[in-house]
$ cat coords37.cif   # mmCIF, C-alpha atoms
data_run
loop_
_atom_site.label_atom_id
_atom_site.label_comp_id
_atom_site.auth_asym_id
_atom_site.auth_seq_id
_atom_site.Cartn_x
_atom_site.Cartn_y
_atom_site.Cartn_z
CA MET A 1 22.14 80.01 40.41
CA ARG A 2 22.21 80.28 36.65
CA ARG A 3 24.74 77.38 36.48
CA TYR A 4 22.50 75.28 38.75
CA MET A 5 19.52 75.79 36.41
CA ARG A 6 21.61 74.73 33.41
CA VAL A 7 22.70 71.49 35.14
CA ARG A 8 19.11 70.75 36.13
CA PHE A 9 17.91 71.33 32.57
CA VAL A 10 20.57 68.97 31.16
CA CYS A 11 19.58 66.25 33.66
CA LEU A 12 15.93 66.57 32.67
CA LEU A 13 16.87 66.21 28.98
CA LEU A 14 18.95 63.10 29.72
CA GLY A 15 16.15 61.55 31.78
CA PHE A 16 13.58 62.22 29.08
CA GLY A 17 15.93 60.76 26.47
CA SER A 18 16.39 57.59 28.55
CA VAL A 19 12.67 57.10 28.95
CA PHE A 20 12.16 57.66 25.22
CA TYR A 21 14.91 55.12 24.37
CA VAL A 22 13.30 52.48 26.62
CA PHE A 23 9.94 53.10 24.96
CA ILE A 24 11.47 52.68 21.47
CA GLN A 25 13.15 49.39 22.46
CA LEU A 26 9.92 48.06 23.98
CA ALA A 27 7.99 48.87 20.80
CA ALA A 28 10.65 47.18 18.66
CA SER A 29 10.46 44.11 20.86
CA LEU A 30 6.72 43.89 20.44
CA ASP A 31 7.05 44.28 16.65
CA SER A 32 9.60 41.46 16.58
CA GLN A 33 7.31 39.16 18.55
CA ASN A 34 4.41 39.87 16.22
CA GLY A 35 6.62 38.98 13.25
CA TRP A 36 7.47 35.55 14.78
CA VAL A 37 3.79 34.69 15.28
CA SER A 38 3.05 35.64 11.70
CA LYS A 39 5.82 33.37 10.39
CA LYS A 40 4.56 30.52 12.51
CA SER A 41 1.07 30.97 11.14
CA GLN A 42 2.46 31.18 7.63
CA HIS A 43 4.43 27.96 8.19
CA ARG A 44 1.30 26.21 9.40
CA SER A 45 -0.54 27.34 6.28
CA THR A 46 2.31 25.99 4.15
CA LEU A 47 1.96 22.57 5.74
CA LEU A 48 -1.72 22.42 4.88
CA THR A 49 -1.44 23.78 1.34
CA GLY A 50 1.97 22.53 0.30
CA GLU A 51 0.85 21.80 -3.27
CA ASN A 52 0.05 25.50 -3.78
CA VAL A 53 3.50 26.48 -2.57
CA VAL A 54 5.11 23.99 -4.95
CA GLY A 55 3.00 25.39 -7.75
CA ARG A 56 4.12 28.96 -7.03
CA ALA A 57 7.73 27.85 -6.90
CA ALA A 58 7.33 26.12 -10.24
CA ALA A 59 5.85 29.26 -11.76
CA SER A 60 8.83 31.34 -10.64
CA LYS A 61 11.64 28.81 -11.20
CA GLY A 62 10.33 26.64 -14.04
CA PRO A 63 9.10 23.02 -14.00
CA VAL A 64 9.54 21.02 -10.83
CA ASN A 65 11.95 18.11 -11.27
CA GLN A 66 9.75 15.11 -10.51
CA HIS A 67 12.56 12.55 -10.79
CA ARG A 68 13.83 12.04 -7.27
CA ASP A 69 14.78 9.12 -5.08
CA SER A 70 14.41 6.71 -8.03
CA ARG A 71 10.72 7.47 -8.37
CA PHE A 72 8.51 9.33 -10.79
CA ILE A 73 5.47 11.15 -9.44
CA ILE A 74 2.77 10.97 -12.09
CA ARG A 75 -0.15 12.85 -10.56
CA ARG A 76 -0.56 14.79 -7.35
CA PRO A 77 -3.75 15.78 -5.59
CA ASN A 78 -4.57 19.28 -6.72
CA SER A 79 -4.96 22.30 -4.50
CA SER A 80 -8.65 21.61 -3.95
CA ASP A 81 -7.93 18.34 -2.11
CA SER A 82 -9.00 18.63 1.48
CA VAL A 83 -6.83 17.71 4.44
CA LYS A 84 -9.43 15.10 5.37
CA GLU A 85 -9.20 13.42 1.95
CA LEU A 86 -5.41 13.24 2.16
CA ALA A 87 -5.60 11.76 5.64
CA GLU A 88 -7.92 9.01 4.37
CA THR A 89 -5.70 8.03 1.43
CA MET A 90 -5.17 4.26 1.12
CA HIS A 91 -1.64 3.27 0.11
CA LEU A 92 -1.21 0.17 -2.05
CA ALA A 93 2.12 -1.27 -3.25
CA VAL A 94 2.91 -3.79 -5.99
CA VAL A 95 6.15 -5.11 -7.50
CA ALA A 96 6.19 -5.79 -11.26
CA CYS A 97 9.02 -7.39 -13.19
CA GLY A 98 9.30 -9.18 -16.51
CA ASP A 99 5.96 -9.99 -18.14
CA ARG A 100 3.79 -8.87 -15.19
CA LEU A 101 2.74 -5.53 -16.68
CA GLU A 102 -0.74 -6.59 -17.84
CA GLU A 103 -1.48 -8.38 -14.56
CA THR A 104 -0.45 -5.31 -12.60
CA MET A 105 -2.60 -3.00 -14.69
CA THR A 106 -5.58 -5.33 -14.26
CA MET A 107 -5.08 -5.42 -10.49
CA ILE A 108 -4.95 -1.61 -10.36
CA LYS A 109 -8.05 -1.44 -12.57
CA SER A 110 -10.03 -3.68 -10.20
CA ALA A 111 -8.98 -1.55 -7.22
CA VAL A 112 -9.95 1.72 -8.90
CA ILE A 113 -13.33 0.46 -10.14
CA PHE A 114 -14.66 -0.53 -6.73
CA SER A 115 -12.85 1.57 -4.12
CA ILE A 116 -14.41 4.56 -2.40
CA LYS A 117 -11.56 6.44 -0.71
CA PHE A 118 -8.66 7.99 -2.57
CA LEU A 119 -5.89 5.53 -3.56
CA GLU A 120 -2.16 6.02 -3.83
CA PHE A 121 -0.30 3.29 -5.72
CA HIS A 122 3.40 2.67 -5.15
CA ILE A 123 4.54 0.72 -8.22
CA PHE A 124 7.98 -0.87 -8.03
CA ALA A 125 9.07 -1.96 -11.50
CA GLU A 126 12.06 -2.47 -13.71
CA HIS A 127 13.05 0.81 -15.32
CA GLU A 128 12.16 -0.31 -18.84
CA LEU A 129 8.52 -0.78 -17.73
CA HIS A 130 8.08 2.73 -16.35
CA LEU A 131 7.17 4.47 -19.59
CA THR A 132 4.58 1.81 -20.47
CA PHE A 133 2.99 2.13 -17.04
CA GLN A 134 2.85 5.89 -17.47
CA LYS A 135 1.39 5.82 -20.97
CA THR A 136 -1.21 3.19 -20.08
CA LEU A 137 -2.44 4.84 -16.90
CA ASN A 138 -2.55 8.24 -18.58
CA THR A 139 -4.99 6.90 -21.19
CA TRP A 140 -7.56 6.11 -18.52
CA PRO A 141 -10.57 8.46 -18.45
CA LEU A 142 -10.15 11.49 -16.20
CA GLN A 143 -13.18 10.44 -14.13
CA TYR A 144 -11.20 7.40 -12.98
CA ARG A 145 -7.72 8.90 -12.84
CA SER A 146 -9.05 11.45 -10.38
CA LYS A 147 -9.64 8.60 -7.93
CA PHE A 148 -5.95 7.81 -7.49
CA ASN A 149 -2.36 8.94 -7.55
CA TYR A 150 0.59 6.75 -8.45
CA LYS A 151 4.35 6.74 -8.14
CA LEU A 152 6.85 4.61 -10.00
CA TYR A 153 9.98 3.35 -8.28
CA ASN A 154 13.00 1.48 -9.55
CA ILE A 155 13.70 -1.96 -8.10
CA THR A 156 16.29 -1.46 -5.36
CA PHE A 157 17.95 -3.85 -2.94
CA PRO A 158 20.71 -3.44 -0.35
CA SER A 159 24.09 -3.37 -2.04
CA GLU A 160 25.12 -6.43 -0.05
CA ASN A 161 23.89 -9.51 -1.94
CA ALA A 162 21.62 -7.43 -4.21
CA ALA A 163 21.72 -10.03 -6.99
CA GLU A 164 20.75 -12.76 -4.55
CA TRP A 165 17.78 -10.77 -3.24
CA LYS A 166 16.57 -10.06 -6.77
CA LYS A 167 16.49 -13.70 -7.89
CA LEU A 168 14.99 -15.01 -4.64
CA PHE A 169 11.92 -17.14 -5.59
CA LYS A 170 10.40 -14.88 -8.30
CA PRO A 171 12.14 -11.96 -10.03
CA CYS A 172 12.00 -8.93 -7.73
CA ALA A 173 9.41 -10.49 -5.37
CA SER A 174 11.59 -9.95 -2.30
CA GLN A 175 11.34 -6.18 -2.89
CA ARG A 176 8.30 -6.26 -0.60
CA LEU A 177 10.56 -7.03 2.38
CA PHE A 178 12.18 -3.61 2.03
CA LEU A 179 9.03 -1.50 1.69
CA PRO A 180 9.08 -0.32 5.33
CA ILE A 181 12.66 0.87 4.79
CA ILE A 182 12.11 2.53 1.40
CA LEU A 183 8.70 4.15 2.03
CA LYS A 184 9.70 5.84 5.27
CA ASP A 185 6.97 8.50 5.03
CA VAL A 186 4.14 5.97 4.60
CA ASP A 187 2.43 4.98 7.85
CA SER A 188 0.33 2.05 6.60
CA LEU A 189 0.37 0.08 3.38
CA LEU A 190 -1.40 -2.77 1.59
CA TYR A 191 1.00 -4.89 -0.44
CA VAL A 192 -0.44 -7.22 -3.08
CA ASP A 193 1.05 -9.52 -5.70
CA THR A 194 0.45 -8.65 -9.35
CA ASP A 195 -2.00 -11.57 -9.70
CA ILE A 196 -4.50 -10.10 -7.24
CA LEU A 197 -8.02 -8.99 -8.23
CA PHE A 198 -10.25 -6.93 -5.95
CA LEU A 199 -13.88 -8.01 -6.03
CA GLN A 200 -14.88 -5.42 -3.46
CA PRO A 201 -13.53 -2.01 -2.37
CA VAL A 202 -10.00 -1.83 -1.02
CA ASP A 203 -11.61 0.20 1.77
CA GLU A 204 -12.88 -3.00 3.38
CA ILE A 205 -9.51 -4.70 3.89
CA TRP A 206 -7.97 -1.33 4.78
CA SER A 207 -10.39 -1.12 7.71
CA PHE A 208 -8.60 -4.08 9.36
CA LEU A 209 -5.93 -1.61 10.45
CA LYS A 210 -8.39 -0.29 13.02
CA GLU A 211 -8.82 -3.79 14.41
CA PHE A 212 -5.13 -4.32 15.18
CA ASN A 213 -4.39 -4.62 18.87
CA SER A 214 -1.40 -2.83 20.39
CA THR A 215 1.09 -5.58 19.42
CA GLN A 216 -0.02 -6.33 15.86
CA ILE A 217 1.97 -4.85 12.98
CA ALA A 218 0.77 -6.79 9.92
CA ALA A 219 -2.10 -8.92 8.63
CA MET A 220 -2.10 -11.93 6.31
CA ALA A 221 -4.19 -15.01 5.54
CA PRO A 222 -3.21 -18.63 6.28
CA GLU A 223 -1.38 -20.51 3.52
CA HIS A 224 -3.84 -23.40 3.84
CA GLU A 225 -7.14 -24.10 5.57
CA GLU A 226 -6.84 -27.86 5.37
CA PRO A 227 -3.66 -29.27 7.03
CA ARG A 228 -3.89 -32.48 5.01
CA ILE A 229 -2.99 -30.57 1.86
CA GLY A 230 -0.80 -27.96 3.58
CA TRP A 231 2.70 -27.36 2.28
CA TYR A 232 4.50 -25.89 5.28
CA ASN A 233 3.33 -28.49 7.80
CA ARG A 234 4.37 -31.32 5.44
CA PHE A 235 7.51 -30.10 3.66
CA ALA A 236 9.02 -26.97 5.25
CA ARG A 237 12.59 -27.20 6.50
CA HIS A 238 12.38 -24.02 8.52
CA PRO A 239 10.10 -22.49 11.20
CA TYR A 240 6.74 -21.17 10.01
CA TYR A 241 3.73 -19.41 11.48
CA GLY A 242 0.92 -21.39 13.14
CA LYS A 243 -0.30 -24.75 11.86
CA THR A 244 -0.07 -24.22 8.09
CA GLY A 245 1.96 -21.04 7.58
CA ILE A 246 0.91 -17.72 6.06
CA ASN A 247 0.58 -16.47 2.48
CA SER A 248 2.13 -13.08 1.75
CA GLY A 249 0.33 -12.32 -1.53
CA VAL A 250 -1.98 -9.94 0.35
CA MET A 251 -0.15 -8.23 3.20
CA LEU A 252 -1.56 -5.30 5.18
CA MET A 253 1.09 -3.44 7.17
CA ASN A 254 1.33 -0.77 9.84
CA MET A 255 4.79 0.22 8.68
CA THR A 256 5.38 2.69 11.49
CA ARG A 257 5.07 -0.16 13.97
CA ILE A 258 7.26 -2.42 11.80
CA ARG A 259 10.01 0.20 11.77
CA GLU A 260 9.79 0.67 15.53
CA LYS A 261 9.61 -2.98 16.62
CA TYR A 262 12.48 -5.12 17.86
CA PHE A 263 11.95 -8.72 16.71
CA LYS A 264 12.66 -11.93 18.56
CA ASN A 265 14.71 -14.39 16.50
CA ASP A 266 16.72 -17.61 16.64
CA MET A 267 20.05 -16.05 15.67
CA THR A 268 20.85 -13.96 18.73
CA THR A 269 19.46 -13.28 22.18
CA ALA A 270 19.21 -9.61 21.23
CA ARG A 271 16.08 -8.43 19.47
CA LEU A 272 16.66 -6.96 16.03
CA LYS A 273 14.96 -4.20 14.07
CA TRP A 274 13.42 -4.95 10.67
CA GLU A 275 16.38 -3.68 8.66
CA GLU A 276 18.76 -5.68 10.89
CA ILE A 277 17.03 -9.05 10.71
CA LEU A 278 16.56 -9.61 6.96
CA MET A 279 20.11 -10.30 5.84
CA PRO A 280 21.00 -12.65 8.76
CA LEU A 281 17.79 -14.61 8.05
CA LEU A 282 18.68 -14.98 4.38
CA LYS A 283 22.20 -16.14 5.20
CA LYS A 284 20.98 -18.70 7.73
CA TYR A 285 18.05 -20.17 5.79
CA LYS A 286 18.78 -19.59 2.09
CA LEU A 287 19.45 -23.29 1.53
CA ASN A 288 16.25 -24.32 3.33
CA ILE A 289 13.64 -21.98 1.85
CA THR A 290 11.49 -22.73 -1.20
CA TRP A 291 9.09 -19.79 -1.46
CA GLY A 292 11.66 -17.04 -0.93
CA ASP A 293 10.55 -13.94 0.91
CA GLN A 294 7.28 -15.57 2.02
CA ASP A 295 9.34 -18.19 3.89
CA LEU A 296 11.35 -15.42 5.57
CA LEU A 297 8.11 -13.76 6.71
CA ASN A 298 6.93 -17.09 8.09
CA ILE A 299 10.14 -17.41 10.08
CA ILE A 300 9.85 -13.86 11.46
CA PHE A 301 6.26 -14.31 12.60
CA HIS A 302 6.93 -17.80 13.95
CA TYR A 303 9.05 -16.11 16.59
CA ASN A 304 6.75 -13.08 16.88
CA PRO A 305 3.22 -14.53 16.61
CA GLU A 306 1.72 -11.78 18.77
CA SER A 307 2.58 -9.29 16.02
CA LEU A 308 0.36 -10.84 13.33
CA PHE A 309 -3.32 -10.28 12.63
CA ILE A 310 -4.89 -13.17 10.67
CA PHE A 311 -7.73 -12.41 8.27
CA PRO A 312 -9.90 -15.18 6.75
CA CYS A 313 -9.22 -16.99 3.49
CA HIS A 314 -11.87 -15.15 1.44
CA TRP A 315 -9.53 -12.11 1.58
CA ASN A 316 -6.86 -14.12 -0.27
CA TYR A 317 -8.69 -16.81 -2.22
CA ARG A 318 -6.42 -19.08 -4.24
CA PRO A 319 -6.82 -22.25 -6.35
CA ASP A 320 -5.84 -24.31 -3.30
CA HIS A 321 -9.16 -23.31 -1.75
CA CYS A 322 -11.17 -25.17 -4.39
CA ILE A 323 -8.87 -27.31 -6.52
CA TYR A 324 -9.50 -30.41 -4.40
CA GLY A 325 -12.97 -29.33 -3.30
CA SER A 326 -14.13 -26.23 -1.46
CA ASN A 327 -12.26 -25.70 1.83
CA CYS A 328 -12.63 -21.95 2.50
CA LYS A 329 -15.65 -21.77 4.78
CA THR A 330 -15.84 -17.98 4.94
CA ALA A 331 -15.92 -17.77 1.12
CA GLU A 332 -18.81 -20.23 1.10
CA GLU A 333 -20.66 -17.93 3.50
CA LYS A 334 -19.74 -14.50 2.12
CA GLY A 335 -18.24 -15.02 -1.32
CA ILE A 336 -14.72 -14.18 -2.49
CA PHE A 337 -13.50 -10.69 -1.59
CA ILE A 338 -9.98 -10.82 -3.07
CA LEU A 339 -8.99 -13.32 -5.77
CA HIS A 340 -5.38 -14.50 -5.94
CA GLY A 341 -4.55 -16.22 -9.22
CA ASN A 342 -1.17 -17.66 -8.28
CA ARG A 343 0.59 -20.38 -10.29
CA GLY A 344 -0.25 -18.51 -13.50
CA VAL A 345 -3.89 -19.65 -13.56
CA TYR A 346 -5.04 -16.45 -15.31
CA HIS A 347 -3.05 -17.47 -18.37
CA ASP A 348 -3.61 -21.22 -18.79
CA GLU A 349 -6.53 -23.64 -18.89
CA LYS A 350 -5.89 -25.39 -15.56
CA GLN A 351 -8.36 -23.23 -13.59
CA PRO A 352 -10.78 -21.66 -16.09
CA ALA A 353 -12.93 -20.11 -13.35
CA PHE A 354 -10.00 -17.91 -12.24
CA ARG A 355 -9.16 -17.08 -15.83
CA ALA A 356 -12.79 -16.10 -16.53
CA VAL A 357 -12.73 -13.48 -13.76
CA TYR A 358 -9.41 -12.08 -14.94
CA GLU A 359 -10.53 -11.79 -18.56
CA ALA A 360 -13.85 -10.22 -17.56
CA ILE A 361 -12.03 -7.36 -15.79
CA VAL A 362 -9.51 -6.98 -18.64
CA LYS A 363 -12.34 -6.64 -21.20
CA TYR A 364 -14.51 -4.32 -19.10
CA LYS A 365 -14.38 -0.73 -20.37
CA PHE A 366 -14.47 2.15 -17.94
CA GLY A 367 -17.88 3.78 -17.80
CA ASP A 368 -19.82 0.82 -19.18
CA ASP A 369 -22.67 -0.58 -17.13
CA PRO A 370 -20.89 -3.04 -14.79
CA PHE A 371 -23.88 -5.37 -14.64
CA HIS A 372 -24.29 -5.79 -18.40
CA PHE A 373 -20.62 -5.59 -19.36
CA LEU A 374 -18.88 -7.22 -16.40
CA LEU A 375 -21.09 -9.33 -14.14
CA TYR A 376 -23.47 -10.94 -16.65
CA PRO A 377 -20.76 -11.94 -19.19
CA LEU A 378 -18.71 -13.37 -16.32
CA GLU A 379 -21.63 -15.44 -15.05
CA ASN A 380 -22.13 -16.88 -18.55
CA ASN A 381 -18.45 -17.76 -18.87
CA LEU A 382 -18.37 -19.39 -15.45
CA LEU A 383 -21.11 -21.76 -16.56
CA GLN A 384 -18.53 -23.26 -18.92
CA THR A 385 -16.18 -24.16 -16.04
CA THR A 386 -18.34 -26.60 -14.08
CA HIS A 387 -16.16 -29.54 -15.17
CA THR A 388 -13.58 -28.33 -12.60
CA TYR A 389 -13.86 -28.31 -8.81
CA CYS A 390 -13.44 -24.53 -8.71
CA GLY A 391 -16.07 -24.13 -11.42
CA ARG A 392 -18.53 -26.09 -9.33
CA VAL A 393 -18.48 -23.29 -6.74
CA GLN A 394 -18.79 -20.59 -9.41
CA HIS A 395 -21.30 -18.63 -7.34
CA LEU A 396 -18.51 -17.81 -4.88
CA PHE A 397 -16.72 -15.84 -7.61
CA THR A 398 -19.67 -13.51 -8.23
CA LYS A 399 -21.46 -13.34 -4.89
CA GLN A 400 -19.46 -10.43 -3.48
CA LEU A 401 -18.79 -8.94 -6.90
CA GLN A 402 -22.51 -8.44 -7.42
CA LYS A 403 -22.79 -6.63 -4.08
CA SER A 404 -19.79 -4.43 -4.92
CA ILE A 405 -21.28 -3.46 -8.27
CA GLN A 406 -24.57 -2.66 -6.59
CA LYS A 407 -22.78 -0.31 -4.18
CA ILE A 408 -21.06 1.68 -6.92
CA GLN A 409 -23.81 1.51 -9.54
CA ASP A 410 -25.14 4.98 -8.78
CA THR A 411 -21.74 6.61 -8.39
CA ILE A 412 -19.74 5.01 -11.21
CA PRO A 413 -18.51 7.66 -13.67
CA ARG A 414 -19.97 7.37 -17.15
CA VAL A 415 -17.44 7.81 -19.94
CA ARG A 416 -18.82 9.30 -23.15
#
$ encode --input "coords37.cif" --output "structure tokens"
Amino acid sequence: MRRYMRVRFVCLLLGFGSVFYVFIQLAASLDSQNGWVSKKSQHRSTLLTGENVVGRAAASKGPVNQHRDSRFIIRRPNSSDSVKELAETMHLAVVACGDRLEETMTMIKSAVIFSIKFLEFHIFAEHELHLTFQKTLNTWPLQYRSKFNYKLYNITFPSENAAEWKKLFKPCASQRLFLPIILKDVDSLLYVDTDILFLQPVDEIWSFLKEFNSTQIAAMAPEHEEPRIGWYNRFARHPYYGKTGINSGVMLMNMTRIREKYFKNDMTTARLKWEEILMPLLKKYKLNITWGDQDLLNIIFHYNPESLFIFPCHWNYRPDHCIYGSNCKTAEEKGIFILHGNRGVYHDEKQPAFRAVYEAIVKYKFGDDPFHFLLYPLENNLLQTTHTYCGRVQHLFTKQLQKSIQKIQDTIPRVR
């Protein structure tokens, strides 16, 4: 009897121990699950406040190395930037080589003066220009530098035929063809030539992205409005878009769609991705193209016309629109929104109306009253250009500019 009681007591102890062990394991399991949720929440917080995390890392490990992937990050949004502001950032790219530094700085200046949303500039330039870009932009008043971020990149081309790409048409101009490949994290981008001047906020042309239909991946303006003076329809020895071709000096891109699309072409029955089509096009047409990368874009969109959104000529107004008489109807109605001073007209006397606008923006000092120190001096200088066809439509050069200044008049930062 006594032995039976001992066995029963041992069994009870073992049973109690088993129940206790199961309880301990269950509690540990719940603790582990709670730890996973916490890490997930912490990870989500890191995604939203990544700049703070970088800052803490820098404090513990020293300065962050900002030289990476051939680019130099000059200024980042600080920790107070909202997620909404970052989502609304407008990305703008430009390629500067040789003596294009001043033009590029003037283009950036015009964009910063008038734009509303935050801007991020992607500046592709020869390495020897980087320090000058940095020093110049860093001298701008803080009230204006807070409106944008910028990154400097070295000029890079595919190793195959790199020298040929670099000298195509203008020095480094064909770099724009590789932007969707290089800027893989950028969804949409506005590319402009160095000789572009914004006479209204970048926000307005950026809004065209919302008007793209499901097949459109890029937007450009026609090369000519009047076929009788068109270049492509009279002289081109290769396919081109539409009746008069397209001009790539102002090119708005949904780069995610560009990277995803398979393009029809005249080299193979198979459709090719963007990075696959460029080199075969160059090899096939390099003896037949005059305007370099712009001709290649014309060929691509000749075979893929459904992929292109066409915006009117007042978004890319060039001397051709007035040199033989006014032929841009939308500019006559609304004024010039974006001025494109190609053929070096900002720096010679051939088109003094274009040069007057350029010099007015160069001379304007941040914080000065834009009416008295930008618009009115420009109007006076344009009066001296009426001996030219473009000067005879001088009101087109200031019509939209006046409206843009009126919009920002109350919000423009005053520099003391």
$ closest_residue --input "coords37.cif" --among "A:Val357, A:Met253, A:Ala270, A:Ile246" --to "Gly230 in chain A" --atoms "only C-alpha atoms"
A:Ile246
$ closest_residue --input "coords37.cif" --among "A:Ala221, A:Ile113, A:Thr215, A:Leu396" --to "Asp369 in chain A" --atoms "only C-alpha atoms"
A:Ile113
$ atom_distance --input "coords37.cif" --atom1 "CA of Cys172 in chain A" --atom2 "CA of Tyr153 in chain A"
12.5 Å
$ residues_around --input "coords37.cif" --residues "Val95 in chain A" --least-positions-apart "3" --cutoff "8 Å" --atoms "only C-alpha atoms" --output "PDB file with C-alpha atoms, in the coordinates of the input"
ATOM      1  CA  ILE A 123       4.540   0.720  -8.220  1.00  0.00           C
ATOM      2  CA  PHE A 124       7.980  -0.870  -8.030  1.00  0.00           C
ATOM      3  CA  ALA A 125       9.070  -1.960 -11.500  1.00  0.00           C
ATOM      4  CA  CYS A 172      12.000  -8.930  -7.730  1.00  0.00           C
ATOM      5  CA  ALA A 173       9.410 -10.490  -5.370  1.00  0.00           C
ATOM      6  CA  GLN A 175      11.340  -6.180  -2.890  1.00  0.00           C
ATOM      7  CA  ARG A 176       8.300  -6.260  -0.600  1.00  0.00           C
ATOM      8  CA  ASP A 193       1.050  -9.520  -5.700  1.00  0.00           C
ATOM      9  CA  THR A 194       0.450  -8.650  -9.350  1.00  0.00           C
TER      10      THR A 194
END
$ residues_around --input "coords37.cif" --residues "Trp140 in chain A" --least-positions-apart "2" --cutoff "12 Å" --atoms "all atoms listed in the file" --output "ChimeraX atom specification"
/A:105,108-109,112-113,133-138,142-148,365-367,415
$ write_last_selection --input "coords37.cif" --atoms "C-alpha atoms" --output "PDB file, in the coordinates of the input"
ATOM      1  CA  MET A 105      -2.600  -3.000 -14.690  1.00  0.00           C
ATOM      2  CA  ILE A 108      -4.950  -1.610 -10.360  1.00  0.00           C
ATOM      3  CA  LYS A 109      -8.050  -1.440 -12.570  1.00  0.00           C
ATOM      4  CA  VAL A 112      -9.950   1.720  -8.900  1.00  0.00           C
ATOM      5  CA  ILE A 113     -13.330   0.460 -10.140  1.00  0.00           C
ATOM      6  CA  PHE A 133       2.990   2.130 -17.040  1.00  0.00           C
ATOM      7  CA  GLN A 134       2.850   5.890 -17.470  1.00  0.00           C
ATOM      8  CA  LYS A 135       1.390   5.820 -20.970  1.00  0.00           C
ATOM      9  CA  THR A 136      -1.210   3.190 -20.080  1.00  0.00           C
ATOM     10  CA  LEU A 137      -2.440   4.840 -16.900  1.00  0.00           C
ATOM     11  CA  ASN A 138      -2.550   8.240 -18.580  1.00  0.00           C
ATOM     12  CA  LEU A 142     -10.150  11.490 -16.200  1.00  0.00           C
ATOM     13  CA  GLN A 143     -13.180  10.440 -14.130  1.00  0.00           C
ATOM     14  CA  TYR A 144     -11.200   7.400 -12.980  1.00  0.00           C
ATOM     15  CA  ARG A 145      -7.720   8.900 -12.840  1.00  0.00           C
ATOM     16  CA  SER A 146      -9.050  11.450 -10.380  1.00  0.00           C
ATOM     17  CA  LYS A 147      -9.640   8.600  -7.930  1.00  0.00           C
ATOM     18  CA  PHE A 148      -5.950   7.810  -7.490  1.00  0.00           C
ATOM     19  CA  LYS A 365     -14.380  -0.730 -20.370  1.00  0.00           C
ATOM     20  CA  PHE A 366     -14.470   2.150 -17.940  1.00  0.00           C
ATOM     21  CA  GLY A 367     -17.880   3.780 -17.800  1.00  0.00           C
ATOM     22  CA  VAL A 415     -17.440   7.810 -19.940  1.00  0.00           C
TER      23      VAL A 415
END
